[in-house]
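Next comes start.pdb, with PDB, C-alpha atoms and all ligand atoms.
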ATOM      1  CA  MET A   1       0.000   0.000   0.000
ATOM      2  CA  SER A   2       0.976   3.616  -0.235
ATOM      3  CA  TRP A   3       3.220   5.352   2.213
ATOM      4  CA  PRO A   4       0.624   6.939   4.482
ATOM      5  CA  TRP A   5      -0.349   3.515   5.732
ATOM      6  CA  ARG A   6       3.166   2.593   6.612
ATOM      7  CA  ALA A   7       3.512   5.829   8.493
ATOM      8  CA  LEU A   8       0.210   5.140  10.139
ATOM      9  CA  ALA A   9       1.247   1.692  11.250
ATOM     10  CA  GLY A  10       4.266   3.237  12.943
ATOM     11  CA  LEU A  11       2.057   5.799  14.544
ATOM     12  CA  TRP A  12      -0.195   3.126  16.030
ATOM     13  CA  LEU A  13       2.749   1.375  17.570
ATOM     14  CA  LEU A  14       4.017   4.620  18.969
ATOM     15  CA  ALA A  15       0.588   5.339  20.385
ATOM     16  CA  ALA A  16       0.470   1.917  22.017
ATOM     17  CA  ALA A  17       3.849   2.450  23.587
ATOM     18  CA  LYS A  18       2.934   5.887  24.830
ATOM     19  CA  ASN A  19      -0.206   4.555  26.407
ATOM     20  CA  HIS A  20       1.881   3.221  29.200
ATOM     21  CA  LYS A  21       2.944   6.612  30.378
ATOM     22  CA  LEU A  22      -0.019   8.815  30.006
ATOM     23  CA  GLU A  23      -0.585  11.951  31.859
ATOM     24  CA  LEU A  24      -3.612  14.077  32.257
ATOM     25  CA  THR A  25      -3.395  17.284  30.359
ATOM     26  CA  GLU A  26      -6.849  18.604  30.994
ATOM     27  CA  ASN A  27      -5.807  22.191  31.517
ATOM     28  CA  LYS A  28      -4.342  22.310  28.076
ATOM     29  CA  GLY A  29      -7.694  21.170  26.782
ATOM     30  CA  TYR A  30      -9.482  24.076  28.312
ATOM     31  CA  ALA A  31      -6.824  26.470  27.175
ATOM     32  CA  ALA A  32      -7.161  25.190  23.641
ATOM     33  CA  GLY A  33     -10.879  25.795  23.598
ATOM     34  CA  GLN A  34     -13.523  23.874  21.796
ATOM     35  CA  SER A  35     -11.535  21.322  19.873
ATOM     36  CA  GLY A  36     -13.390  18.010  19.662
ATOM     37  CA  GLU A  37     -10.510  15.874  20.860
ATOM     38  CA  TYR A  38     -10.639  17.666  24.171
ATOM     39  CA  PHE A  39     -14.148  16.617  24.974
ATOM     40  CA  ARG A  40     -14.087  13.194  23.365
ATOM     41  CA  TYR A  41     -11.335  12.061  25.736
ATOM     42  CA  LYS A  42     -10.156  12.582  29.247
ATOM     43  CA  HIS A  43      -6.583  11.630  28.633
ATOM     44  CA  LEU A  44      -4.460  13.238  25.990
ATOM     45  CA  PHE A  45      -0.818  13.083  25.185
ATOM     46  CA  HIS A  46       1.382  16.000  26.109
ATOM     47  CA  LYS A  47       1.695  16.804  22.465
ATOM     48  CA  LYS A  48      -1.332  18.475  20.982
ATOM     49  CA  PRO A  49      -2.986  16.480  18.220
ATOM     50  CA  THR A  50      -1.572  17.889  14.995
ATOM     51  CA  GLU A  51      -2.916  18.553  11.536
ATOM     52  CA  GLU A  52      -1.168  15.329  10.476
ATOM     53  CA  ASP A  53      -3.020  13.399  13.170
ATOM     54  CA  PHE A  54      -6.249  14.835  11.845
ATOM     55  CA  GLU A  55      -5.295  13.896   8.302
ATOM     56  CA  HIS A  56      -4.455  10.345   9.404
ATOM     57  CA  ALA A  57      -7.800  10.081  11.152
ATOM     58  CA  GLN A  58      -9.525  11.161   7.950
ATOM     59  CA  GLN A  59      -7.648   8.546   5.926
ATOM     60  CA  LEU A  60      -8.614   5.921   8.457
ATOM     61  CA  ALA A  61     -12.233   7.017   8.364
ATOM     62  CA  ASP A  62     -12.205   6.609   4.597
ATOM     63  CA  GLU A  63     -11.086   2.998   4.926
ATOM     64  CA  VAL A  64     -13.297   1.831   7.753
ATOM     65  CA  ARG A  65     -16.370   4.025   7.241
ATOM     66  CA  CYS A  66     -18.702   1.244   6.099
ATOM     67  CA  ASP A  67     -17.592  -1.172   8.798
ATOM     68  CA  VAL A  68     -17.934   1.444  11.507
ATOM     69  CA  CYS A  69     -21.301   2.614  10.206
ATOM     70  CA  ALA A  70     -22.705  -0.923   9.993
ATOM     71  CA  ARG A  71     -21.418  -1.863  13.415
ATOM     72  CA  ILE A  72     -22.884   1.220  15.083
ATOM     73  CA  LEU A  73     -26.165   1.161  13.197
ATOM     74  CA  GLU A  74     -26.814  -2.498  13.935
ATOM     75  CA  SER A  75     -26.200  -1.910  17.595
ATOM     76  CA  LEU A  76     -28.391   1.209  17.704
ATOM     77  CA  LEU A  77     -31.238  -0.532  15.900
ATOM     78  CA  GLY A  78     -31.124  -3.192  18.577
ATOM     79  CA  ARG A  79     -31.812  -0.434  21.111
ATOM     80  CA  ALA A  80     -34.682   1.258  19.312
ATOM     81  CA  ARG A  81     -38.006   1.115  21.121
ATOM     82  CA  SER A  82     -39.700   0.293  17.852
ATOM     83  CA  PHE A  83     -39.119   0.414  14.126
ATOM     84  CA  SER A  84     -42.610   1.653  13.432
ATOM     85  CA  GLU A  85     -41.904   5.298  14.171
ATOM     86  CA  ASP A  86     -39.017   7.151  12.628
ATOM     87  CA  ASP A  87     -38.887   9.144  15.904
ATOM     88  CA  ASP A  88     -37.854   6.025  17.794
ATOM     89  CA  ILE A  89     -35.050   5.440  15.340
ATOM     90  CA  ALA A  90     -34.079   9.109  15.314
ATOM     91  CA  ASP A  91     -33.816   8.941  19.112
ATOM     92  CA  VAL A  92     -31.214   6.196  19.110
ATOM     93  CA  LEU A  93     -29.288   7.827  16.268
ATOM     94  CA  GLU A  94     -29.241  11.059  18.225
ATOM     95  CA  GLY A  95     -28.007   9.287  21.334
ATOM     96  CA  ASN A  96     -28.905  12.180  23.555
ATOM     97  CA  VAL A  97     -28.793  10.657  27.016
ATOM     98  CA  GLU A  98     -28.963  12.440  30.343
ATOM     99  CA  TYR A  99     -25.876  12.142  32.487
ATOM    100  CA  GLU A 100     -25.479  12.890  36.128
ATOM    101  CA  LYS A 101     -22.768  15.346  36.955
ATOM    102  CA  THR A 102     -19.793  13.738  38.600
ATOM    103  CA  GLY A 103     -18.215  16.908  39.971
ATOM    104  CA  ASP A 104     -15.062  16.154  38.025
ATOM    105  CA  GLN A 105     -14.604  19.008  35.567
ATOM    106  CA  VAL A 106     -12.949  16.982  32.833
ATOM    107  CA  GLU A 107     -15.385  14.100  33.136
ATOM    108  CA  ASP A 108     -18.415  16.376  33.135
ATOM    109  CA  GLN A 109     -17.145  18.273  30.112
ATOM    110  CA  MET A 110     -16.842  14.971  28.295
ATOM    111  CA  LEU A 111     -20.269  13.747  29.388
ATOM    112  CA  LYS A 112     -21.904  17.020  28.391
ATOM    113  CA  HIS A 113     -20.778  16.441  24.810
ATOM    114  CA  LYS A 114     -21.431  12.724  24.838
ATOM    115  CA  LYS A 115     -24.202  12.517  22.270
ATOM    116  CA  GLY A 116     -24.478  11.521  18.648
ATOM    117  CA  CYS A 117     -21.218  10.196  17.287
ATOM    118  CA  ASN A 118     -19.326  11.534  20.289
ATOM    119  CA  LYS A 119     -21.245   8.864  22.175
ATOM    120  CA  HIS A 120     -21.605   6.139  19.537
ATOM    121  CA  PHE A 121     -17.942   5.843  18.612
ATOM    122  CA  LYS A 122     -17.094   5.141  22.214
ATOM    123  CA  ASP A 123     -20.070   3.126  23.468
ATOM    124  CA  GLU A 124     -20.723   0.983  20.403
ATOM    125  CA  VAL A 125     -17.204   0.602  19.065
ATOM    126  CA  VAL A 126     -14.320   1.375  21.422
ATOM    127  CA  LEU A 127     -15.892   0.078  24.639
ATOM    128  CA  GLU A 128     -17.102  -3.058  22.852
ATOM    129  CA  GLY A 129     -13.514  -4.020  22.165
ATOM    130  CA  TYR A 130     -13.320  -2.931  18.547
ATOM    131  CA  MET A 131     -10.112  -1.371  17.376
ATOM    132  CA  VAL A 132      -8.389  -0.482  14.143
ATOM    133  CA  ARG A 133      -5.443  -2.656  13.252
ATOM    134  CA  MET A 134      -3.483  -3.511  10.160
ATOM    135  CA  CYS A 135      -5.589  -5.904   8.080
ATOM    136  CA  LYS A 136      -2.739  -8.333   7.547
ATOM    137  CA  GLU A 137      -2.451  -8.768  11.313
ATOM    138  CA  VAL A 138      -6.112  -9.299  12.098
ATOM    139  CA  ALA A 139      -7.912 -10.233   8.885
ATOM    140  CA  PRO A 140      -5.406 -11.403   6.266
ATOM    141  CA  GLU A 141      -8.150 -13.438   4.610
ATOM    142  CA  VAL A 142     -10.032 -10.207   3.910
ATOM    143  CA  LYS A 143      -7.117  -7.953   3.039
ATOM    144  CA  ASN A 144      -3.567  -9.112   3.330
ATOM    145  CA  ASP A 145      -1.903  -5.704   3.519
ATOM    146  CA  THR A 146      -1.144  -2.825   5.852
ATOM    147  CA  SER A 147      -4.421  -1.009   5.320
ATOM    148  CA  PRO A 148      -6.599  -0.558   8.412
ATOM    149  CA  CYS A 149      -9.329  -2.995   9.382
ATOM    150  CA  LEU A 150     -11.904  -2.748  12.125
ATOM    151  CA  TRP A 151     -11.281  -5.688  14.403
ATOM    152  CA  ARG A 152     -12.897  -6.882  17.596
ATOM    153  CA  ASN A 153     -10.608  -7.736  20.423
ATOM    154  CA  PRO A 154     -12.252 -10.349  22.642
ATOM    155  CA  GLU A 155     -11.005  -8.330  25.587
ATOM    156  CA  LYS A 156     -12.832  -5.096  26.253
ATOM    157  CA  PRO A 157     -10.782  -2.037  27.128
ATOM    158  CA  SER A 158     -10.795  -0.321  30.492
ATOM    159  CA  ARG A 159     -12.615   2.976  30.905
ATOM    160  CA  GLN A 160      -9.271   4.701  31.220
ATOM    161  CA  SER A 161      -8.077   3.252  27.965
ATOM    162  CA  ALA A 162     -11.361   4.047  26.186
ATOM    163  CA  ASP A 163     -11.098   7.647  27.377
ATOM    164  CA  THR A 164      -7.564   8.014  26.094
ATOM    165  CA  TYR A 165      -6.930   9.852  22.848
ATOM    166  CA  GLU A 166      -5.640   7.751  19.980
ATOM    167  CA  VAL A 167      -5.673   8.631  16.309
ATOM    168  CA  TRP A 168      -7.556   5.490  15.279
ATOM    169  CA  LYS A 169     -10.398   6.412  17.635
ATOM    170  CA  GLU A 170     -10.676   9.749  15.909
ATOM    171  CA  GLY A 171     -10.867   7.796  12.653
ATOM    172  CA  VAL A 172     -13.793   5.837  14.053
ATOM    173  CA  PHE A 173     -15.445   9.035  15.258
ATOM    174  CA  TYR A 174     -15.179  10.699  11.843
ATOM    175  CA  ALA A 175     -16.363   7.538  10.119
ATOM    176  CA  CYS A 176     -19.503   7.757  12.256
ATOM    177  CA  GLU A 177     -19.938  11.495  11.657
ATOM    178  CA  GLN A 178     -19.597  11.178   7.905
ATOM    179  CA  SER A 179     -22.066   8.331   7.620
ATOM    180  CA  ILE A 180     -24.567   8.134  10.455
ATOM    181  CA  ALA A 181     -24.595  11.729  11.705
ATOM    182  CA  HIS A 182     -24.641  13.353   8.280
ATOM    183  CA  HIS A 183     -27.472  11.147   7.076
ATOM    184  CA  SER A 184     -29.440  10.644  10.254
ATOM    185  CA  ASP A 185     -32.724  12.057   8.942
ATOM    186  CA  ALA A 186     -32.607   9.930   5.824
ATOM    187  CA  LEU A 187     -31.614   6.888   7.877
ATOM    188  CA  ALA A 188     -34.489   7.347  10.329
ATOM    189  CA  GLU A 189     -36.898   7.690   7.433
ATOM    190  CA  THR A 190     -35.548   4.712   5.511
ATOM    191  CA  LEU A 191     -35.367   2.442   8.521
ATOM    192  CA  ALA A 192     -38.852   3.180   9.836
ATOM    193  CA  GLY A 193     -40.963   0.174   8.997
ATOM    194  CA  THR A 194     -38.147  -2.340   9.174
ATOM    195  CA  PRO A 195     -39.839  -5.664  10.001
ATOM    196  CA  ALA A 196     -39.178  -6.737  13.583
ATOM    197  CA  GLU A 197     -37.802 -10.091  12.433
ATOM    198  CA  ALA A 198     -35.378  -8.542   9.924
ATOM    199  CA  ASN A 199     -31.705  -9.449  10.011
ATOM    200  CA  LEU A 200     -30.343  -6.233  11.540
ATOM    201  CA  THR A 201     -26.801  -6.958  10.395
ATOM    202  CA  GLN A 202     -28.032  -7.000   6.837
ATOM    203  CA  VAL A 203     -30.374  -4.025   7.298
ATOM    204  CA  ALA A 204     -27.579  -1.930   8.810
ATOM    205  CA  LEU A 205     -25.134  -2.882   6.076
ATOM    206  CA  GLU A 206     -27.532  -1.897   3.321
ATOM    207  CA  ALA A 207     -28.625   1.336   4.976
ATOM    208  CA  CYS A 208     -24.999   2.334   5.457
ATOM    209  CA  ARG A 209     -24.178   1.727   1.824
ATOM    210  CA  ASN A 210     -27.328   3.082   0.216
ATOM    211  CA  THR A 211     -28.540   5.782   2.559
ATOM    212  CA  ALA A 212     -25.475   6.830   4.550
ATOM    213  CA  ARG A 213     -23.275   6.607   1.448
ATOM    214  CA  CYS A 214     -20.485   5.090   3.498
ATOM    215  CA  ALA A 215     -18.529   3.910   0.468
ATOM    216  CA  ALA A 216     -18.218   7.383  -1.062
ATOM    217  CA  ARG A 217     -14.621   8.492  -1.019
ATOM    218  CA  ARG A 218     -13.426  11.640   0.575
ATOM    219  CA  LYS A 219     -13.224  13.799  -2.549
ATOM    220  CA  GLU A 220     -16.827  13.051  -3.380
ATOM    221  CA  ARG A 221     -17.914  13.912   0.129
ATOM    222  CA  ALA A 222     -15.641  16.843   0.768
ATOM    223  CA  PRO A 223     -18.156  19.681   0.315
ATOM    224  CA  GLU A 224     -20.545  18.059   2.712
ATOM    225  CA  ALA A 225     -18.089  16.663   5.200
ATOM    226  CA  GLY A 226     -15.909  19.764   5.112
ATOM    227  CA  VAL A 227     -12.903  17.529   5.311
ATOM    228  CA  LYS A 228     -10.306  19.412   3.395
ATOM    229  CA  ALA A 229     -10.010  22.590   1.471
ATOM    230  CA  PRO A 230      -9.910  22.203  -2.280
ATOM    231  CA  GLY A 231      -6.667  22.914  -4.029
ATOM    232  CA  ALA A 232      -5.324  19.696  -2.496
ATOM    233  CA  GLY A 233      -1.753  18.639  -3.000
ATOM    234  CA  SER A 234      -0.510  21.135  -0.474
ATOM    235  CA  LYS A 235       0.095  19.371   2.775
ATOM    236  CA  LYS A 236      -1.523  21.891   5.042
ATOM    237  CA  PRO A 237      -4.890  23.270   4.163
ATOM    238  CA  ALA A 238      -4.856  27.028   4.258
ATOM    239  CA  LYS A 239      -6.396  28.416   7.392
ATOM    240  CA  GLY A 240      -9.703  30.081   6.929
ATOM    241  CA  LYS A 241     -10.370  28.227   3.706
ATOM    242  CA  LYS A 242     -12.038  25.357   5.420
ATOM    243  CA  PRO A 243     -15.787  25.441   5.684
ATOM    244  CA  ALA A 244     -16.497  26.874   9.089
ATOM    245  CA  LYS A 245     -19.555  24.802   9.760
ATOM    246  CA  GLY A 246     -20.612  21.206   9.279
ATOM    247  CA  LYS A 247     -20.301  18.493  11.830
ATOM    248  CA  GLY A 248     -17.243  16.940  10.258
ATOM    249  CA  SER A 249     -15.220  20.087   9.887
ATOM    250  CA  ARG A 250     -12.032  20.552  11.766
ATOM    251  CA  PRO A 251     -12.475  22.357  15.016
ATOM    252  CA  GLU A 252      -9.641  24.804  15.455
ATOM    253  CA  LEU A 253      -6.962  23.758  17.829
TER
HETATM  254  C1  LIG A 301      -0.395 -12.843   3.484
HETATM  255  O1  LIG A 301       0.847 -12.448   2.917
HETATM  256  C2  LIG A 301       1.949 -13.102   3.508
HETATM  257  C3  LIG A 301       3.228 -12.485   2.927
HETATM  258  O2  LIG A 301       3.075 -12.162   1.590
HETATM  259  C4  LIG A 301       1.838 -14.607   3.261
HETATM  260  O3  LIG A 301       2.942 -15.278   3.830
HETATM  261  C5  LIG A 301       0.556 -15.106   3.885
HETATM  262  O4  LIG A 301       0.390 -16.493   3.612
HETATM  263  C6  LIG A 301      -0.641 -14.331   3.342
HETATM  264  N1  LIG A 301      -1.842 -14.741   4.085
HETATM  265  C7  LIG A 301      -3.006 -14.951   3.515
HETATM  266  C8  LIG A 301      -4.123 -15.381   4.399
HETATM  267  O5  LIG A 301      -3.194 -14.825   2.315
HETATM  268  C1  LIG A 302     -27.634 -11.778   8.738
HETATM  269  O1  LIG A 302     -26.951 -11.086   7.723
HETATM  270  C2  LIG A 302     -25.543 -11.240   7.781
HETATM  271  C3  LIG A 302     -24.933 -10.291   6.743
HETATM  272  O2  LIG A 302     -25.477 -10.480   5.504
HETATM  273  C4  LIG A 302     -25.186 -12.681   7.573
HETATM  274  O3  LIG A 302     -23.783 -12.838   7.608
HETATM  275  C5  LIG A 302     -25.824 -13.504   8.674
HETATM  276  O4  LIG A 302     -25.582 -14.872   8.463
HETATM  277  C6  LIG A 302     -27.324 -13.251   8.709
HETATM  278  N1  LIG A 302     -27.877 -13.902   9.899
HETATM  279  C7  LIG A 302     -28.935 -14.683   9.848
HETATM  280  C8  LIG A 302     -29.388 -15.239  11.164
HETATM  281  O5  LIG A 302     -29.513 -14.951   8.803
END

Re-express the file's structure as structure tokens.
Ligand SMILES: *[C@@H]1O[C@H](CO)[C@@H](O)[C@H](O)[C@H]1NC(C)=O
Ligand SMILES: *[C@@H]1O[C@H](CO)[C@@H](O)[C@H](O)[C@H]1NC(C)=O
Amino acid sequence: MSWPWRALAGLWLLAAAKNHKLELTENKGYAAGQSGEYFRYKHLFHKKPTEEDFEHAQQLADEVRCDVCARILESLLGRARSFSEDDDIADVLEGNVEYEKTGDQVEDQMLKHKKGCNKHFKDEVVLEGYMVRMCKEVAPEVKNDTSPCLWRNPEKPSRQSADTYEVWKEGVFYACEQSIAHHSDALAETLAGTPAEANLTQVALEACRNTARCAARRKERAPEAGVKAPGAGSKKPAKGKKPAKGKGSRPEL
């Protein structure tokens, strides 16, 4: 595969190694303002996530978007009160759950934002033991190369580990944003009326492909997802050229 994946593989290893000596850097998070990473996690590395990290997460999202979408959607459908009302489906897609304040500033900040894909990527994917690994290590029969595959570790992670920033988790988050969050109305509408006895794995897979357009590549989705400024080729997108709004756009660091 192309070089970014090799670089990425190295990055994962580095991240794994660094996991052993994490430190809380919550104050930095507040200082940095509203950046998503700072309320998706409690534990961040000393180093601020960089534009390259963001770019890697986007590349990952591109590769695992359909798997992430299908996994999350299947799980959410299993939680819907009914399939007869699109409101019931919209509710689970929205994932807007009340949380009790813990009194811990960092924790409460995270919980306050824990809705939609900020919630789904963690509850349905990370905490269930799923992780992104090189395909050749975990699913060589599917893809025998260094590209990323969503893989379920039989061992579930600890809370601490789930709340720790890693680039692949951001990839999962963006994969969810770009599929489920950006197409939630259409998904709720399409999925209303799903027969109760339907195979939800199959239903989720099809809805992700057909309605959430999970297989569309980044260039095709760019205007909507706000992923990267046009004029590509340059490594760093020019500041101020990025669309300011849109759920998938880069929050300023
Ligand atoms: C994957 O590739 C490696 C090295 O090329 C090879 O040894 C291995 O048998 C392959 N595995 C599968 C399942 O194709
Ligand atoms: C449900 O659909 C999935 C995906 O197509 C398939 O692998 C699985 O065997 C199906 N399960 C049942 C019980 O039919």

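The shortest atom-to-atom distance to Ile72 in chain A, with only C-alpha atoms taken into account, belongs to A:Lys122 out of A:Lys122, A:His183, A:His56, A:Arg133.
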
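The residue set within 7 Å of Cys66 in chain A, counting only C-alpha atoms and dropping same-chain residues fewer than 3 places from it, reads A:Cys69, A:Ala70, A:Cys208, A:Arg209, A:Cys214, A:Ala215.
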
key: Between CA of Ala192 in chain A and CA of Ile89 in chain A, distance in Å (one decimal)   = 7.1 Å

Expected answer as a short mmCIF file (atom, residue, chain, number, x, y, z; two decimals) with C-alpha atoms, keeping the file's coordinate frame: residues within 8 Å of ligand LIG 302 (chain A), only C-alpha atoms and all ligand atoms:
data_model
loop_
_atom_site.label_atom_id
_atom_site.label_comp_id
_atom_site.auth_asym_id
_atom_site.auth_seq_id
_atom_site.Cartn_x
_atom_site.Cartn_y
_atom_site.Cartn_z
CA ASN A 199 -31.70 -9.45 10.01
CA LEU A 200 -30.34 -6.23 11.54
CA THR A 201 -26.80 -6.96 10.40
CA GLN A 202 -28.03 -7.00 6.84
CA VAL A 203 -30.37 -4.03 7.30
CA LEU A 205 -25.13 -2.88 6.08
#

message = Show me which residues line ligand LIG 301 (chain A), defined as having an atom within 9 Å of a ligand atom where only C-alpha atoms and all ligand atoms count, and present them as JSON, numbers by chain.
response = {"A": [136, 139, 140, 141, 142, 143, 144, 145]}

Which polymer residues, whether protein, DNA or RNA, lie within 8 Å of the coordinate (-8.8, 15.0, 19.9) when you count all atoms listed in the file? List them as a PDB file with C-alpha atoms, in the coordinates of the input, using the chain letters and numbers from the file.
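Output file out36.pdb follows:
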ATOM      1  CA  SER A  35     -11.535  21.322  19.873  1.00  0.00           C
ATOM      2  CA  GLY A  36     -13.390  18.010  19.662  1.00  0.00           C
ATOM      3  CA  GLU A  37     -10.510  15.874  20.860  1.00  0.00           C
ATOM      4  CA  TYR A  38     -10.639  17.666  24.171  1.00  0.00           C
ATOM      5  CA  PHE A  39     -14.148  16.617  24.974  1.00  0.00           C
ATOM      6  CA  ARG A  40     -14.087  13.194  23.365  1.00  0.00           C
ATOM      7  CA  TYR A  41     -11.335  12.061  25.736  1.00  0.00           C
ATOM      8  CA  LEU A  44      -4.460  13.238  25.990  1.00  0.00           C
ATOM      9  CA  PRO A  49      -2.986  16.480  18.220  1.00  0.00           C
ATOM     10  CA  TYR A 165      -6.930   9.852  22.848  1.00  0.00           C
ATOM     11  CA  GLU A 166      -5.640   7.751  19.980  1.00  0.00           C
ATOM     12  CA  VAL A 167      -5.673   8.631  16.309  1.00  0.00           C
ATOM     13  CA  GLU A 170     -10.676   9.749  15.909  1.00  0.00           C
TER      14      GLU A 170
END

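For the atom pair formed by CA of Leu191 in chain A and CA of Gln58 in chain A, the distance is 27.3 Å, given to one decimal.
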
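Minimum atom-to-atom distance to Glu74 in chain A, evaluated using all atoms listed in the file, belongs to A:Glu124 out of A:Glu197, A:Glu124, A:Glu107, A:Glu98.
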
query = So how many Å separate CA of Glu128 in chain A and CA of Glu206 in chain A, to one decimal?
reply = 22.2 Å

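Distance annotation: of A:Leu60, A:Cys149, A:Arg71, A:Lys119, the residue with the minimal separation from Tyr99 in chain A is A:Lys119; atom set is only C-alpha atoms.
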
Can you fill out range 91-106 of chain A with N, CA, C and O atoms and hand it back as a PDB file, in the frame of the given file?
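The new file rebuild-v3.pdb reads:
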ATOM      1  N   ASP A  91     -34.278   8.843  17.718  1.00  0.00           N
ATOM      2  CA  ASP A  91     -33.816   8.941  19.112  1.00  0.00           C
ATOM      3  C   ASP A  91     -32.514   8.189  19.341  1.00  0.00           C
ATOM      4  O   ASP A  91     -31.601   8.720  19.962  1.00  0.00           O
ATOM      5  N   VAL A  92     -32.441   6.967  18.869  1.00  0.00           N
ATOM      6  CA  VAL A  92     -31.214   6.196  19.110  1.00  0.00           C
ATOM      7  C   VAL A  92     -30.050   6.740  18.275  1.00  0.00           C
ATOM      8  O   VAL A  92     -28.908   6.714  18.705  1.00  0.00           O
ATOM      9  N   LEU A  93     -30.361   7.247  17.087  1.00  0.00           N
ATOM     10  CA  LEU A  93     -29.288   7.827  16.268  1.00  0.00           C
ATOM     11  C   LEU A  93     -28.726   9.072  16.947  1.00  0.00           C
ATOM     12  O   LEU A  93     -27.531   9.339  16.914  1.00  0.00           O
ATOM     13  N   GLU A  94     -29.629   9.823  17.546  1.00  0.00           N
ATOM     14  CA  GLU A  94     -29.241  11.059  18.225  1.00  0.00           C
ATOM     15  C   GLU A  94     -28.408  10.768  19.471  1.00  0.00           C
ATOM     16  O   GLU A  94     -27.495  11.513  19.795  1.00  0.00           O
ATOM     17  N   GLY A  95     -28.767   9.700  20.159  1.00  0.00           N
ATOM     18  CA  GLY A  95     -28.007   9.287  21.334  1.00  0.00           C
ATOM     19  C   GLY A  95     -27.851  10.387  22.361  1.00  0.00           C
ATOM     20  O   GLY A  95     -26.771  10.614  22.891  1.00  0.00           O
ATOM     21  N   ASN A  96     -28.954  11.072  22.609  1.00  0.00           N
ATOM     22  CA  ASN A  96     -28.905  12.180  23.555  1.00  0.00           C
ATOM     23  C   ASN A  96     -29.387  11.698  24.920  1.00  0.00           C
ATOM     24  O   ASN A  96     -30.569  11.695  25.205  1.00  0.00           O
ATOM     25  N   VAL A  97     -28.445  11.271  25.736  1.00  0.00           N
ATOM     26  CA  VAL A  97     -28.793  10.657  27.016  1.00  0.00           C
ATOM     27  C   VAL A  97     -28.427  11.614  28.150  1.00  0.00           C
ATOM     28  O   VAL A  97     -27.455  12.337  28.061  1.00  0.00           O
ATOM     29  N   GLU A  98     -29.261  11.599  29.180  1.00  0.00           N
ATOM     30  CA  GLU A  98     -28.963  12.440  30.343  1.00  0.00           C
ATOM     31  C   GLU A  98     -27.838  11.810  31.170  1.00  0.00           C
ATOM     32  O   GLU A  98     -27.820  10.608  31.376  1.00  0.00           O
ATOM     33  N   TYR A  99     -26.934  12.637  31.604  1.00  0.00           N
ATOM     34  CA  TYR A  99     -25.876  12.142  32.487  1.00  0.00           C
ATOM     35  C   TYR A  99     -25.895  12.899  33.790  1.00  0.00           C
ATOM     36  O   TYR A  99     -26.155  14.098  33.806  1.00  0.00           O
ATOM     37  N   GLU A 100     -25.594  12.205  34.843  1.00  0.00           N
ATOM     38  CA  GLU A 100     -25.479  12.890  36.128  1.00  0.00           C
ATOM     39  C   GLU A 100     -24.101  13.501  36.232  1.00  0.00           C
ATOM     40  O   GLU A 100     -23.116  12.891  35.843  1.00  0.00           O
ATOM     41  N   LYS A 101     -24.066  14.698  36.769  1.00  0.00           N
ATOM     42  CA  LYS A 101     -22.768  15.346  36.955  1.00  0.00           C
ATOM     43  C   LYS A 101     -21.941  14.569  37.967  1.00  0.00           C
ATOM     44  O   LYS A 101     -22.465  14.055  38.945  1.00  0.00           O
ATOM     45  N   THR A 102     -20.661  14.482  37.684  1.00  0.00           N
ATOM     46  CA  THR A 102     -19.793  13.738  38.600  1.00  0.00           C
ATOM     47  C   THR A 102     -19.032  14.673  39.529  1.00  0.00           C
ATOM     48  O   THR A 102     -18.460  14.238  40.518  1.00  0.00           O
ATOM     49  N   GLY A 103     -18.994  15.964  39.177  1.00  0.00           N
ATOM     50  CA  GLY A 103     -18.215  16.908  39.971  1.00  0.00           C
ATOM     51  C   GLY A 103     -16.787  17.017  39.465  1.00  0.00           C
ATOM     52  O   GLY A 103     -16.063  17.945  39.824  1.00  0.00           O
ATOM     53  N   ASP A 104     -16.393  16.092  38.628  1.00  0.00           N
ATOM     54  CA  ASP A 104     -15.062  16.154  38.025  1.00  0.00           C
ATOM     55  C   ASP A 104     -15.188  16.958  36.729  1.00  0.00           C
ATOM     56  O   ASP A 104     -15.920  16.577  35.827  1.00  0.00           O
ATOM     57  N   GLN A 105     -14.439  18.060  36.671  1.00  0.00           N
ATOM     58  CA  GLN A 105     -14.604  19.008  35.567  1.00  0.00           C
ATOM     59  C   GLN A 105     -14.375  18.371  34.197  1.00  0.00           C
ATOM     60  O   GLN A 105     -15.126  18.594  33.256  1.00  0.00           O
ATOM     61  N   VAL A 106     -13.307  17.589  34.115  1.00  0.00           N
ATOM     62  CA  VAL A 106     -12.949  16.982  32.833  1.00  0.00           C
ATOM     63  C   VAL A 106     -13.998  15.952  32.420  1.00  0.00           C
ATOM     64  O   VAL A 106     -14.456  15.907  31.287  1.00  0.00           O
TER      65      VAL A 106
END
